Structures are given as structure tokens and as C-alpha cells.
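K.L.:
Please read through the structure below; I'll follow up with questions.
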Amino acid sequence: MLQINDITVDFGGVRAVDQVSFVLKKGELLGLIGPNGAGKTTLMRVITGSVTPSLGTVRLEDRILNKLPSYQRIRLGIGLSQQIVSPFRSMTVLENVAFVAGYHKTKNPIASLFKVNRSPENEEAKRLLNMVGIEEVASSSPSNLPLGYLKRLELARALALKPKLLLLDEPLAGLNQVEAVQLSDTLWELNRKGQTIILIEHNLSEVIRICHRLVVIDNGRKIGEGEPHMVMNDADVQSAYLG
Ligand SMILES: Nc1ncnc2c1ncn2[C@@H]1O[C@H](COP(=O)(O)OP(=O)(O)OP(=O)(O)O)[C@@H](O)[C@H]1O
Ligand SMILES: [Mg+2]
């Protein structure tokens with residue numbers, strides 16, 4: 001489904017990503033891991049189009065994405081849930097998801113703002129809130145909710161775009177271990193129903209538990225790839241984490 005080929009990113013003098021290549025198959029749940037500052041988020045931004053690589057190509061199915069702006073990549077099926085949650089604070093939780101669901105469906109986003117009948121979007125939003133387990137706060141404002149709920153809201157908003165490929169940047173960060181296990185179970189279940197996922201995470205026990213395969217980045221370079229337990233036993237991977 002996705003082919004990352006020799007991606008290199010320079011920020012001024014800093015080489016944040018250095019010739020990273022990997023492929024992702026349809027239906028996979030791939031963990032992208034590595035220490036702080038390794039280049040994981042930067043690599044994800046290359047896929048979504050908010051960072052331009054100095055070298056390399058990103059291919060989704062049979063299309064090279066490099067020259068496409070982010071909104072066209074979203075249309076092609078790339079969905080993102082970001083490291084920092086950013087709901088619309090003036091809307092309820094349900095409206096946040098319904099808005100994205102409606103935006104996705106219309107060819108004219110401005111017209112969608114004036115649409116009166118939002119029931120199909122509201123139904124879809126309820127279904128997604130139920131799937132991520134926060135339907136009981138549908139009519140609350142995001143401003144009043146703890147981080148565990150906001151992380152789930154962020155996931156529901158990403159799913160509202162019906163992405164072929166879902167990119168998740170630290171969805172478990174800031175959750176306690178009980179919440180982290182619950183959200184990981186949700187991700188595992190989504191994947192089991194066919195959702196292809198790249199998961200960036202520092203919660204390694206959950207990554208190892210749910211991912212099919214891992215790619216490990218350190219200092220911008222790929223240092224490991226393969227079955228989770230095998231990768232975590234690798235000497236280079238262990239020394240990258242121990243510093
Ligand atoms: N916009 C930017 N301008 C300059 N340097 C940047 C920028 N974004 C990231 N960097 C640098 O690129 C490197 C990789 O950062 P990145 O955020 O991709 O790491 P990460 O693996 O996501 O880390 P973390 O696990 O802490 O989120 C770091 O050295 C970072 O300081
Ligand atoms: Mg990051």
C-alpha cells in the first residue's frame with residue numbers, strides 16, 4: 001500500500017531523517033518506534049505532505065505523492081491523528097466528529113457549513129464515538145475533558161475521513177496504563193476489521209503486544225525492522241534505547 005523510498009529530510013544543518021526506506025502492506029499494523037528526536041514525526045509529516053524531503057519518494061498504491069499537497073493526499077486516503085490534540089473547542093465532541101465526517105463527503109466545503117440536515121453525519125459521528133468508547137461525552141465540550149478522552153476524540157476525527165491508511169502519532173501518550181491498554185485494544189480491533197495503520201509510540205509493551213511488525217529509527221536512520229520480539233532483542237535497538 002505504501003512505499004517509503006530513501007527518504008531524507010534536512011532542517012537547515014540538521015539531518016532529521018536519513019535515507020529511510022520501508023514498505024507497508026494493506027491490512028498491516030506497523031509500529032514506527034525510536035528514541036526522542038529520532039525522526040518519527042518528521043517521517044510521518046513527509047507522508048502527509050507537511051514536510052518536503054530533500055531526497056526520496058513516497059508512493060501510495062501506484063501513485064507517487066511527492067508533488068501533491070496535503071489535502072489531495074487526504075482525498076487519496078491518508079488519515080492522521082497528531083501527537084498534540086487539537087479539537088475545535090467551541091464545538092461539542094459529537095459536532096467535532098460530525099464536522100469532519102461532513103467535510104469529507106462534500107465536494108464543496110463552504111456549502112457544507114450551511115447545510116441544515118446533519119443527521120447522516122451525526123449518525124456516523126455517534127458510531128465512531130461508540131467505536132472509540134467515548135459516546136457518553138458526545139454532548140460535552142472538549143475543554144472540560146481529560147486527555148484520555150481527547151486522545152480518543154482525535155482518533156474518531158481521523159477515522160471520520162475514512163482513511164485507507166491511518167497514521168497515529170503517540171495516541172497513547174499521557175494515558176495511564178489501563179487507558180493505554182483499552183485504546184490499544186481499540187486499535188487492534190480496528191486493524192482486525194481491515195484498517196491499515198502506522199503507529200508511532202513510546203509505550204513499547206503495547207506496541208509489542210498489538211503490532212505485526214516494527215520499524216526502528218534512531219538519529220534519523222533505520223536501525224531495525226521485523227517481528228516485534230525479534231527487533232526488541234536486537235543489540236543495536238537495545239543500545240539505541242539505553243543511550
Ligand atoms: N520544524 C523543524 N525545524 C527544525 N528541526 C526540526 C523540526 N522538526 C523536527 N526537527 C528536528 O528533527 C529531529 C527529529 O524530530 P522528530 O520530531 O521527527 O522526532 P520524533 O522521533 O518524532 O521524536 P519524539 O519521540 O520526541 O516525538 C529532531 O532533532 C528535531 O529537533
Ligand atoms: Mg514525535
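Just remember, in the C-alpha cells the first chain shown is A, the second B, etc., residues are 1-based per chain, and ligands are 1-based in the order shown.
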Report as a list in words which protein, DNA and RNA residues come within 10 Å of ligand 2, using only C-alpha atoms and all ligand atoms.
P.N.:
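Those residues are Ile33, Gly34, Pro35, Asn36, Gly37, Ala38, Gly39, Lys40, Thr41, Thr42, Leu43, Met44, Arg45, Gln82, Gln83, Ile84, Asp169, Glu170, Ile200, Glu201 and His202 of chain A.
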K.L.:
Write out as a PyMOL selection string which residues come within 8 Å of Ala180 (chain A) when counting only C-alpha atoms, dropping same-chain ones fewer than 5 positions away.
P.N.:
chain A and resi 172+175+206
K.L.:
Those residues you just picked out, can you put them in a file as a PDB file, in the first residue's frame with C-alpha atoms?
P.N.:
ATOM      1  CA  LEU A 172      -1.218   6.525  23.987  1.00  0.00           C
ATOM      2  CA  LEU A 175      -2.703   7.922  29.222  1.00  0.00           C
ATOM      3  CA  GLU A 206       1.622  -2.048  23.953  1.00  0.00           C
TER       4      GLU A 206
END
K.L.:
Quote the spacing between CA of Ile7 (chain A) and CA of Ser184 (chain A) in Å to one decimal place.
P.N.:
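Separating CA of Ile7 (chain A) from CA of Ser184 (chain A) is a distance of 28.5 Å.
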K.L.:
Using only C-alpha atoms, determine which residues lie at most 10 Å from Arg89 (chain A), disregarding the query and same-chain residues fewer than 2 positions distant; provide the list as an mmCIF file with C-alpha atoms, in the first residue's frame.
P.N.:
data_model
loop_
_atom_site.group_PDB
_atom_site.id
_atom_site.type_symbol
_atom_site.label_atom_id
_atom_site.label_comp_id
_atom_site.auth_asym_id
_atom_site.auth_seq_id
_atom_site.Cartn_x
_atom_site.Cartn_y
_atom_site.Cartn_z
ATOM 1 C CA SER A 86 -6.388 19.939 18.585
ATOM 2 C CA PRO A 87 -10.195 19.658 18.713
ATOM 3 C CA MET A 91 -17.977 22.570 19.312
ATOM 4 C CA THR A 92 -19.206 19.556 21.269
ATOM 5 C CA VAL A 93 -17.405 16.222 20.973
ATOM 6 C CA ASN A 96 -16.224 17.772 16.201
ATOM 7 C CA SER A 141 -17.216 20.401 25.296
ATOM 8 C CA PRO A 142 -13.657 19.149 24.658
ATOM 9 C CA SER A 143 -12.409 21.882 27.024
ATOM 10 C CA ASN A 144 -13.866 20.008 30.007
#
K.L.:
Need to verify the contact set: Arg15 (chain A), 10 Å, only C-alpha atoms, exclusion of same-chain residues closer than 6 positions in sequence. Can you return it as number ranges by chain?
P.N.:
A: 8-9, 39, 54, 219-221
K.L.:
Go ahead and save the residues from that selection, with N, CA and C atoms, as a compact mmCIF listing (two decimals), in the first residue's frame.
P.N.:
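Final output, part_14.txt:
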# COMPACT_ATOMS: atom_id res chain seq x y z
N THR A 8 14.96 11.37 2.91
CA THR A 8 15.94 12.16 3.64
C THR A 8 15.35 13.56 3.87
N VAL A 9 15.45 14.04 5.12
CA VAL A 9 14.93 15.37 5.43
C VAL A 9 16.00 16.18 6.15
N GLY A 39 13.20 11.12 14.59
CA GLY A 39 12.75 11.48 13.24
C GLY A 39 11.40 10.86 12.87
N SER A 54 14.31 16.21 1.18
CA SER A 54 15.34 16.67 0.23
C SER A 54 15.66 15.56 -0.77
N ASN A 219 18.31 8.51 15.43
CA ASN A 219 19.11 9.56 14.79
C ASN A 219 18.83 9.67 13.30
N GLY A 220 17.57 9.52 12.90
CA GLY A 220 17.19 9.67 11.50
C GLY A 220 17.39 8.44 10.64
N ARG A 221 18.07 7.42 11.16
CA ARG A 221 18.34 6.23 10.34
C ARG A 221 17.53 5.03 10.79
K.L.:
Residues of region 86-229 of chain A classed as strand (DSSP E) by DSSP on the backbone are to be reported as a list in words.
P.N.:
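Filtering region 86-229 of chain A down to strand (DSSP E) leaves Leu165, Leu166, Leu167, Leu168, Asp169, Thr196, Ile197, Ile198, Leu199, Ile200, Arg213, Leu214, Val215, Val216, Ile217, Asp218, Arg221, Lys222, Ile223, Gly224, Glu225 and Gly226 of chain A.
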K.L.:
Mind writing the picked residues with N, CA and C atoms as a PDB file, in the first residue's frame?
P.N.:
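selection_31.pdb written:
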ATOM      1  N   LEU A 165      -5.226   4.521   4.890  1.00  0.00           N
ATOM      2  CA  LEU A 165      -4.052   4.384   5.748  1.00  0.00           C
ATOM      3  C   LEU A 165      -4.195   5.372   6.903  1.00  0.00           C
ATOM      4  N   LEU A 166      -4.175   4.844   8.115  1.00  0.00           N
ATOM      5  CA  LEU A 166      -4.303   5.688   9.302  1.00  0.00           C
ATOM      6  C   LEU A 166      -2.936   5.832   9.964  1.00  0.00           C
ATOM      7  N   LEU A 167      -2.499   7.090  10.113  1.00  0.00           N
ATOM      8  CA  LEU A 167      -1.212   7.381  10.750  1.00  0.00           C
ATOM      9  C   LEU A 167      -1.485   7.914  12.152  1.00  0.00           C
ATOM     10  N   LEU A 168      -0.924   7.268  13.157  1.00  0.00           N
ATOM     11  CA  LEU A 168      -1.189   7.675  14.539  1.00  0.00           C
ATOM     12  C   LEU A 168       0.117   8.058  15.217  1.00  0.00           C
ATOM     13  N   ASP A 169       0.203   9.319  15.674  1.00  0.00           N
ATOM     14  CA  ASP A 169       1.429   9.781  16.331  1.00  0.00           C
ATOM     15  C   ASP A 169       1.198   9.843  17.839  1.00  0.00           C
ATOM     16  N   THR A 196      -5.649  -0.369   7.813  1.00  0.00           N
ATOM     17  CA  THR A 196      -4.181  -0.358   7.765  1.00  0.00           C
ATOM     18  C   THR A 196      -3.690   0.804   8.631  1.00  0.00           C
ATOM     19  N   ILE A 197      -2.681   0.539   9.474  1.00  0.00           N
ATOM     20  CA  ILE A 197      -2.258   1.541  10.468  1.00  0.00           C
ATOM     21  C   ILE A 197      -0.732   1.616  10.576  1.00  0.00           C
ATOM     22  N   ILE A 198      -0.200   2.845  10.658  1.00  0.00           N
ATOM     23  CA  ILE A 198       1.170   3.040  11.141  1.00  0.00           C
ATOM     24  C   ILE A 198       1.058   3.712  12.499  1.00  0.00           C
ATOM     25  N   LEU A 199       1.646   3.075  13.503  1.00  0.00           N
ATOM     26  CA  LEU A 199       1.533   3.541  14.881  1.00  0.00           C
ATOM     27  C   LEU A 199       2.895   3.986  15.399  1.00  0.00           C
ATOM     28  N   ILE A 200       3.031   5.295  15.684  1.00  0.00           N
ATOM     29  CA  ILE A 200       4.231   5.804  16.370  1.00  0.00           C
ATOM     30  C   ILE A 200       3.923   5.776  17.858  1.00  0.00           C
ATOM     31  N   ARG A 213       4.560  -5.838  12.985  1.00  0.00           N
ATOM     32  CA  ARG A 213       5.928  -5.625  12.542  1.00  0.00           C
ATOM     33  C   ARG A 213       6.376  -4.266  13.070  1.00  0.00           C
ATOM     34  N   LEU A 214       7.684  -4.102  13.279  1.00  0.00           N
ATOM     35  CA  LEU A 214       8.205  -2.813  13.739  1.00  0.00           C
ATOM     36  C   LEU A 214       9.257  -2.292  12.765  1.00  0.00           C
ATOM     37  N   VAL A 215       9.319  -0.958  12.670  1.00  0.00           N
ATOM     38  CA  VAL A 215      10.457  -0.291  12.039  1.00  0.00           C
ATOM     39  C   VAL A 215      11.045   0.607  13.126  1.00  0.00           C
ATOM     40  N   VAL A 216      12.357   0.512  13.333  1.00  0.00           N
ATOM     41  CA  VAL A 216      13.005   1.305  14.387  1.00  0.00           C
ATOM     42  C   VAL A 216      13.904   2.351  13.757  1.00  0.00           C
ATOM     43  N   ILE A 217      13.744   3.614  14.219  1.00  0.00           N
ATOM     44  CA  ILE A 217      14.556   4.727  13.733  1.00  0.00           C
ATOM     45  C   ILE A 217      15.372   5.258  14.905  1.00  0.00           C
ATOM     46  N   ASP A 218      16.609   5.584  14.638  1.00  0.00           N
ATOM     47  CA  ASP A 218      17.443   6.247  15.645  1.00  0.00           C
ATOM     48  C   ASP A 218      18.293   7.269  14.926  1.00  0.00           C
ATOM     49  N   ARG A 221      18.073   7.420  11.163  1.00  0.00           N
ATOM     50  CA  ARG A 221      18.343   6.229  10.341  1.00  0.00           C
ATOM     51  C   ARG A 221      17.529   5.028  10.794  1.00  0.00           C
ATOM     52  N   LYS A 222      17.195   4.185   9.835  1.00  0.00           N
ATOM     53  CA  LYS A 222      16.519   2.936  10.188  1.00  0.00           C
ATOM     54  C   LYS A 222      17.560   1.972  10.739  1.00  0.00           C
ATOM     55  N   ILE A 223      17.339   1.494  11.978  1.00  0.00           N
ATOM     56  CA  ILE A 223      18.313   0.576  12.578  1.00  0.00           C
ATOM     57  C   ILE A 223      17.733  -0.817  12.818  1.00  0.00           C
ATOM     58  N   GLY A 224      16.441  -0.998  12.552  1.00  0.00           N
ATOM     59  CA  GLY A 224      15.877  -2.329  12.762  1.00  0.00           C
ATOM     60  C   GLY A 224      14.521  -2.441  12.109  1.00  0.00           C
ATOM     61  N   GLU A 225      14.145  -3.655  11.762  1.00  0.00           N
ATOM     62  CA  GLU A 225      12.850  -3.899  11.124  1.00  0.00           C
ATOM     63  C   GLU A 225      12.515  -5.372  11.247  1.00  0.00           C
ATOM     64  N   GLY A 226      11.271  -5.681  11.562  1.00  0.00           N
ATOM     65  CA  GLY A 226      10.861  -7.081  11.586  1.00  0.00           C
ATOM     66  C   GLY A 226       9.845  -7.383  12.669  1.00  0.00           C
TER      67      GLY A 226
END
K.L.:
Report, in Å with one decimal, the straight-line distance from atom 7 (C, counted along the ligand's line) of ligand 1 to CA of Arg157 (chain A).
P.N.:
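Result for atom 7 (C, counted along the ligand's line) of ligand 1 versus CA of Arg157 (chain A): 25.0 Å, one decimal.
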K.L.:
Using CA of Ser81 (chain A) and CA of Ser140 (chain A) as the two end points, give the distance in Å to one decimal.
P.N.:
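Going from CA of Ser81 (chain A) over to CA of Ser140 (chain A) covers 20.6 Å.
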K.L.:
Which is closest to ligand 1 among A:Pro171, A:Pro69, A:Gly79, A:Gly194, if we use only C-alpha atoms and all ligand atoms?
P.N.:
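Among the listed residues, A:Pro171 lies closest to ligand 1.
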K.L.:
Just the residues within 12 Å of Thr57 (chain A), please, counting only C-alpha atoms, with nothing from its chain fewer than 6 positions along; format it as a list of chain:residue names.
P.N.:
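Using only C-alpha atoms, the neighbours found are A:Leu2, A:Gln3, A:Ile4, A:Asn5, A:Asp6, A:Ile7, A:Thr8, A:Val9, A:Gln19, A:Val20, A:Ser21, A:Phe22, A:Val23, A:Leu43, A:Val46, A:Ile47, A:Gly49, A:Arg63, A:Ile64, A:Leu65, A:Asn66, A:Lys67, A:Leu68.
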K.L.:
Can I get the selected residues back with N, CA and C atoms, as a JSON list (two decimals), in the first residue's frame?
P.N.:
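New file result_0.json:
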[["chain", "number", "residue", "atom", "x", "y", "z"],
["A", 2, "LEU", "N", 1.88, 1.27, 0.86],
["A", 2, "LEU", "CA", 2.75, 2.46, 0.98],
["A", 2, "LEU", "C", 4.20, 2.04, 0.79],
["A", 3, "GLN", "N", 4.91, 2.85, 0.02],
["A", 3, "GLN", "CA", 6.34, 2.58, -0.15],
["A", 3, "GLN", "C", 7.13, 3.85, 0.12],
["A", 4, "ILE", "N", 7.97, 3.78, 1.16],
["A", 4, "ILE", "CA", 8.85, 4.90, 1.54],
["A", 4, "ILE", "C", 10.21, 4.53, 0.98],
["A", 5, "ASN", "N", 10.73, 5.42, 0.13],
["A", 5, "ASN", "CA", 11.95, 5.06, -0.57],
["A", 5, "ASN", "C", 13.04, 6.11, -0.38],
["A", 6, "ASP", "N", 14.07, 5.78, 0.42],
["A", 6, "ASP", "CA", 15.26, 6.65, 0.57],
["A", 6, "ASP", "C", 14.93, 8.05, 1.08],
["A", 7, "ILE", "N", 13.94, 8.16, 1.95],
["A", 7, "ILE", "CA", 13.53, 9.50, 2.40],
["A", 7, "ILE", "C", 14.60, 10.14, 3.29],
["A", 8, "THR", "N", 14.96, 11.37, 2.91],
["A", 8, "THR", "CA", 15.94, 12.16, 3.64],
["A", 8, "THR", "C", 15.35, 13.56, 3.87],
["A", 9, "VAL", "N", 15.45, 14.04, 5.12],
["A", 9, "VAL", "CA", 14.93, 15.37, 5.43],
["A", 9, "VAL", "C", 16.00, 16.18, 6.15],
["A", 19, "GLN", "N", 17.86, 8.73, 4.65],
["A", 19, "GLN", "CA", 17.72, 7.58, 3.74],
["A", 19, "GLN", "C", 16.92, 6.42, 4.33],
["A", 20, "VAL", "N", 15.73, 6.74, 4.79],
["A", 20, "VAL", "CA", 14.88, 5.68, 5.35],
["A", 20, "VAL", "C", 13.99, 5.09, 4.26],
["A", 21, "SER", "N", 13.95, 3.78, 4.19],
["A", 21, "SER", "CA", 13.07, 3.06, 3.27],
["A", 21, "SER", "C", 12.31, 1.98, 4.03],
["A", 22, "PHE", "N", 11.03, 1.82, 3.74],
["A", 22, "PHE", "CA", 10.30, 0.64, 4.18],
["A", 22, "PHE", "C", 9.00, 0.55, 3.40],
["A", 23, "VAL", "N", 8.39, -0.63, 3.42],
["A", 23, "VAL", "CA", 7.09, -0.77, 2.76],
["A", 23, "VAL", "C", 6.05, -1.20, 3.80],
["A", 43, "LEU", "N", 9.07, 11.91, 9.65],
["A", 43, "LEU", "CA", 8.77, 10.93, 8.61],
["A", 43, "LEU", "C", 7.27, 10.89, 8.33],
["A", 46, "VAL", "N", 6.31, 13.78, 6.28],
["A", 46, "VAL", "CA", 6.66, 13.58, 4.86],
["A", 46, "VAL", "C", 5.54, 12.81, 4.16],
["A", 47, "ILE", "N", 4.97, 11.85, 4.85],
["A", 47, "ILE", "CA", 3.88, 11.05, 4.25],
["A", 47, "ILE", "C", 2.63, 11.90, 4.05],
["A", 49, "GLY", "N", 2.60, 15.19, 3.77],
["A", 49, "GLY", "CA", 2.87, 16.30, 2.87],
["A", 49, "GLY", "C", 3.15, 17.62, 3.55],
["A", 63, "ARG", "N", 0.66, 5.55, -6.90],
["A", 63, "ARG", "CA", 0.93, 6.97, -7.15],
["A", 63, "ARG", "C", 2.08, 7.49, -6.31],
["A", 64, "ILE", "N", 2.96, 8.26, -6.96],
["A", 64, "ILE", "CA", 3.99, 8.99, -6.23],
["A", 64, "ILE", "C", 3.33, 10.23, -5.63],
["A", 65, "LEU", "N", 3.47, 10.42, -4.32],
["A", 65, "LEU", "CA", 2.77, 11.53, -3.65],
["A", 65, "LEU", "C", 3.58, 12.81, -3.59],
["A", 66, "ASN", "N", 4.90, 12.74, -3.83],
["A", 66, "ASN", "CA", 5.80, 13.87, -3.54],
["A", 66, "ASN", "C", 5.27, 15.25, -3.93],
["A", 67, "LYS", "N", 4.66, 15.36, -5.12],
["A", 67, "LYS", "CA", 4.26, 16.69, -5.59],
["A", 67, "LYS", "C", 2.86, 17.09, -5.15],
["A", 68, "LEU", "N", 2.16, 16.19, -4.45],
["A", 68, "LEU", "CA", 0.77, 16.50, -4.08],
["A", 68, "LEU", "C", 0.70, 17.24, -2.74]]
K.L.:
As a PyMOL selection string, please: every residue in region 2-242 of chain A that a backbone DSSP assignment puts in helix (DSSP H, G or I).
P.N.:
chain A and resi 40-48+70-76+93-105+109-113+119-132+135-137+142-144+147-159+177-192+204-210+228-232+235-242
K.L.:
Could you pull the residues within 8 Å of Gln195 (chain A), counting only C-alpha atoms, minus those fewer than 2 positions along the same chain, as a list in words?
P.N.:
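The residues satisfying every condition are Gly27, Glu28, Lys164, Leu165, Leu166, Leu190, Asn191, Arg192, Lys193 and Ile197 of chain A.
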K.L.:
Find the residues around Ala138 (chain A) up to 12 Å (only C-alpha atoms counted), leave out those fewer than 2 positions away in its own chain, and share them as JSON, numbers by chain.
P.N.:
{"A": [91, 92, 93, 94, 95, 96, 97, 98, 122, 123, 125, 126, 127, 128, 129, 130, 132, 133, 134, 135, 136, 140, 141, 142, 145, 149, 150, 152, 153, 156]}
K.L.:
Give me a file of those residues, with N, CA and C atoms, as a short mmCIF file (atom, residue, chain, number, x, y, z; two decimals), in the first residue's frame.
P.N.:
data_model
loop_
_atom_site.label_atom_id
_atom_site.label_comp_id
_atom_site.auth_asym_id
_atom_site.auth_seq_id
_atom_site.Cartn_x
_atom_site.Cartn_y
_atom_site.Cartn_z
N MET A 91 -16.98 23.58 19.70
CA MET A 91 -17.98 22.57 19.31
C MET A 91 -18.02 21.46 20.35
N THR A 92 -19.15 20.73 20.40
CA THR A 92 -19.21 19.56 21.27
C THR A 92 -18.35 18.44 20.66
N VAL A 93 -18.15 17.38 21.45
CA VAL A 93 -17.40 16.22 20.97
C VAL A 93 -18.07 15.64 19.71
N LEU A 94 -19.40 15.48 19.77
CA LEU A 94 -20.13 14.92 18.61
C LEU A 94 -19.97 15.83 17.39
N GLU A 95 -20.12 17.13 17.59
CA GLU A 95 -20.00 18.08 16.46
C GLU A 95 -18.60 18.04 15.85
N ASN A 96 -17.60 17.87 16.70
CA ASN A 96 -16.22 17.77 16.20
C ASN A 96 -16.08 16.65 15.18
N VAL A 97 -16.68 15.49 15.49
CA VAL A 97 -16.54 14.34 14.60
C VAL A 97 -17.47 14.48 13.40
N ALA A 98 -18.72 14.96 13.65
CA ALA A 98 -19.69 15.13 12.56
C ALA A 98 -19.17 16.13 11.53
N ASN A 122 -24.27 13.09 11.87
CA ASN A 122 -24.40 12.85 13.32
C ASN A 122 -24.45 11.36 13.63
N GLU A 123 -25.15 10.61 12.77
CA GLU A 123 -25.21 9.15 12.99
C GLU A 123 -23.82 8.53 12.87
N ALA A 125 -21.00 10.07 13.29
CA ALA A 125 -20.19 10.53 14.41
C ALA A 125 -20.49 9.70 15.67
N LYS A 126 -21.77 9.39 15.90
CA LYS A 126 -22.14 8.56 17.06
C LYS A 126 -21.51 7.18 16.96
N ARG A 127 -21.55 6.63 15.74
CA ARG A 127 -20.97 5.30 15.53
C ARG A 127 -19.47 5.31 15.86
N LEU A 128 -18.79 6.37 15.41
CA LEU A 128 -17.34 6.45 15.65
C LEU A 128 -17.02 6.69 17.14
N LEU A 129 -17.83 7.53 17.80
CA LEU A 129 -17.60 7.76 19.24
C LEU A 129 -17.81 6.47 20.02
N ASN A 130 -18.81 5.70 19.59
CA ASN A 130 -19.05 4.41 20.22
C ASN A 130 -17.86 3.48 20.00
N VAL A 132 -14.73 4.21 19.54
CA VAL A 132 -13.56 4.56 20.34
C VAL A 132 -13.89 4.65 21.84
N GLY A 133 -15.16 4.39 22.19
CA GLY A 133 -15.54 4.25 23.59
C GLY A 133 -15.78 5.55 24.35
N ILE A 134 -16.18 6.64 23.66
CA ILE A 134 -16.44 7.89 24.40
C ILE A 134 -17.82 8.48 24.06
N GLU A 135 -18.77 7.58 23.70
CA GLU A 135 -20.10 8.09 23.33
C GLU A 135 -20.79 8.81 24.48
N GLU A 136 -20.41 8.50 25.74
CA GLU A 136 -21.10 9.13 26.88
C GLU A 136 -20.74 10.61 27.04
N SER A 140 -20.55 16.86 25.48
CA SER A 140 -19.66 17.70 26.28
C SER A 140 -18.78 18.56 25.39
N SER A 141 -18.22 19.61 26.00
CA SER A 141 -17.22 20.40 25.30
C SER A 141 -15.84 19.77 25.53
N PRO A 142 -15.00 19.72 24.49
CA PRO A 142 -13.66 19.15 24.66
C PRO A 142 -12.87 19.85 25.77
N LEU A 145 -12.74 18.01 29.14
CA LEU A 145 -12.42 16.58 29.18
C LEU A 145 -10.96 16.31 29.45
N TYR A 149 -9.82 11.14 27.02
CA TYR A 149 -10.97 11.32 26.14
C TYR A 149 -10.55 12.05 24.86
N LEU A 150 -9.70 13.06 25.03
CA LEU A 150 -9.29 13.86 23.87
C LEU A 150 -8.49 13.01 22.88
N ARG A 152 -8.96 9.86 22.34
CA ARG A 152 -9.96 9.05 21.63
C ARG A 152 -10.74 9.88 20.63
N LEU A 153 -11.03 11.14 21.02
CA LEU A 153 -11.70 12.05 20.09
C LEU A 153 -10.83 12.27 18.85
N ALA A 156 -11.22 9.36 16.65
CA ALA A 156 -12.53 9.35 15.97
C ALA A 156 -12.53 10.35 14.81
#
